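Here is the structure we will look at.
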Amino acid sequence: MQNDNIPNPNIINPIQNLENMIYVKPTIKNPNIIVGDYTYFADVDFEAHVTHHYDFNGDKLIIGKFCQIAAGVNFIMNGANHQMNSVSTYPFYIFKGWEQEIPPLSKMPLKGDTIVGNDVWIGQNVTILPGVHIGDGVIIGLNSVISKNVEPYTIVAGNPAKVIRKRFDDELIKLMLELRWWDKSIKEIKSLIPILTDSNMERVKNEIHIILKN
């Protein structure tokens, strides 16, 4: 019998006596990192894994709700990029004594915000490069390097990561993207758990069709 407790997305340690499992959102101090409710990290200091994230670049890391991020995952932001449209890639301007003016952002190889969708499972020791967009429901295999966008509900792995397969057929992917269960109320999500954890995909499709019609 389920109790009526409402899960609290604003506590840091959601599992008692397990300190190396945190909800990320309540730990964030950097305004350029935005994380949705119930996304967890299997470690204790998420921001330490967001590297080269300098204010002057203005890039954001945006992560959706209900993501599962394993230990050792690193997000490499735009500050790691060097000029490749010049003879040398060396960043003279960041060191004293070289007297190079800071190049305008328009001349820097900035790739924009890094965006992770909802209900994404990121395996251990994955590295995500700047400007990548990862769709809802993606699964990323351990030790992968994500250098390109990943379509929703796709399994990828490798260095560089390649598509292994789609998780579902196109009909079910479309239904899941319409359902957007992560945006529903806690009460609605609780009622959807039997569907969300059902391995019979035809039954799941039928149930979602009914829900979307009502």
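Order determines the names: the first chain of the structure tokens is A, the second B, and so forth; residues in each chain are numbered 1 upward, and ligands are numbered 1 upward as they are shown.
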
**Item:** In range 99-166 of chain A, DSSP strand (DSSP E or B) residues written as a VMD selection string
**Value:** chain A and resid 114 to 116 121 to 122 127 to 128 133 to 134 139 to 140 145 to 146 150 154 to 158 161 to 166

Set out as a tab-separated table a contact list for range 106-151 of chain A and range 50-70 of chain A with a cut-off of 10 Å, giving each residue of range 106-151 of chain A that qualifies its closest atom pair and distance in Å to one decimal, counting only C-alpha atoms, ordered by chain and rising residue number.
```
residue	atom	partner	partner_atom	distance
A:Met108	CA	A:Asn57	CA	9.4
A:Leu110	CA	A:Asn57	CA	7.9
A:Lys111	CA	A:Asp59	CA	8.5
A:Gly112	CA	A:Asp59	CA	5.9
A:Asp113	CA	A:Lys60	CA	4.8
A:Thr114	CA	A:Leu61	CA	4.9
A:Ile115	CA	A:Ile62	CA	4.8
A:Val116	CA	A:Ile63	CA	4.6
A:Gly117	CA	A:Gly64	CA	4.8
A:Asn118	CA	A:Gly64	CA	4.4
A:Asp119	CA	A:Cys67	CA	4.5
A:Val120	CA	A:Cys67	CA	4.7
A:Trp121	CA	A:Gln68	CA	4.7
A:Ile122	CA	A:Ile69	CA	4.9
A:Gly123	CA	A:Ala70	CA	5.3
A:Gln124	CA	A:Ala70	CA	4.7
A:Asn125	CA	A:Ala70	CA	7.4
A:Val126	CA	A:Ala70	CA	8.4
A:Ile128	CA	A:Val50	CA	9.6
A:Pro130	CA	A:Asp59	CA	9.0
A:Gly131	CA	A:Asp59	CA	8.6
A:Val132	CA	A:Leu61	CA	9.8
A:His133	CA	A:Ile62	CA	9.5
A:Ile134	CA	A:Ile63	CA	9.3
A:Gly135	CA	A:Gly64	CA	9.7
A:Asp136	CA	A:Gly64	CA	8.4
A:Gly137	CA	A:Cys67	CA	8.7
A:Val138	CA	A:Cys67	CA	9.6
A:Ile139	CA	A:Gln68	CA	9.6
A:Ile140	CA	A:Ile69	CA	9.8
A:Leu142	CA	A:Ala70	CA	8.7
```

**Message:** I want to know what sits within 12 Å of Asp37 in chain A, based on only C-alpha atoms, with residues of the same chain fewer than 5 positions away left out; could you give that as a list of chain:residue names?
**Reply:**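 The residues satisfying every condition are A:Pro7, A:Asn8, A:Pro9, A:Asn10, A:Ile11, A:Ile12, A:Pro14, A:Ile22, A:Tyr23, A:Val24, A:Lys25, A:Pro26, A:Thr27, A:Ile28, A:Ile63, A:Gly64, A:Lys65, A:Phe66, A:Cys67, A:Gln68, A:Asn118, A:Asp119, A:Trp182, A:Asp183, A:Lys184, A:Ser185, A:Ile186.
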
**Request:** With a distance cut-off of 8 Å and only C-alpha atoms, select the neighbouring residues of range 206-214 of chain A, excluding the residue or stretch itself and same-chain residues fewer than 4 positions from it, and output the selection as an MDAnalysis selection string.
**Result:** chainID A and resid 175:176 178:179 195 202

**Request:** Determine, counting only C-alpha atoms, which protein, DNA and RNA residues have an atom within 12 Å of an atom of Gln83 in chain A; residues of the same chain fewer than 4 positions away are not included. Present the result as a PyMOL selection string.
**Result:** chain A and resi 78-79+87-93+102-110

**Item:** Atomic distance CA of Glu151 in chain A - CA of Arg180 in chain A, expressed in Å with one decimal
**Value:** 15.6 Å

**Asked** Hey, which of A:Glu101, A:Glu19, A:Asp170, A:Asp198 ends up closest to Phe41 in chain A? Count only C-alpha atoms.
**Response** A:Glu19

**Fill in**
Separating CA of Glu171 in chain A from CA of Lys205 in chain A, to the nearest tenth of an Å, is a gap of 8.1 Å

**Request:** Once DSSP has gone over the backbone, tell me which residues of range 22-188 of chain A are in helix (DSSP H, G or I), as a PyMOL selection string.
**Result:** chain A and resi 25-27+46-49+55-57+78-80+92-94+105-107+170-179+181-183+186-188

**Request:** Have a look at A:Gly141, A:Ala80, A:Glu47, A:Ala157 and name the one nearest to Pro31 in chain A; count only C-alpha atoms.
**Result:** A:Glu47

**Prompt:** CA of Val73 in chain A and CA of Asn143 in chain A are how many Å apart?
**Reply:**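 Spanning CA of Val73 in chain A to CA of Asn143 in chain A is a straight-line distance of 8.6 Å.
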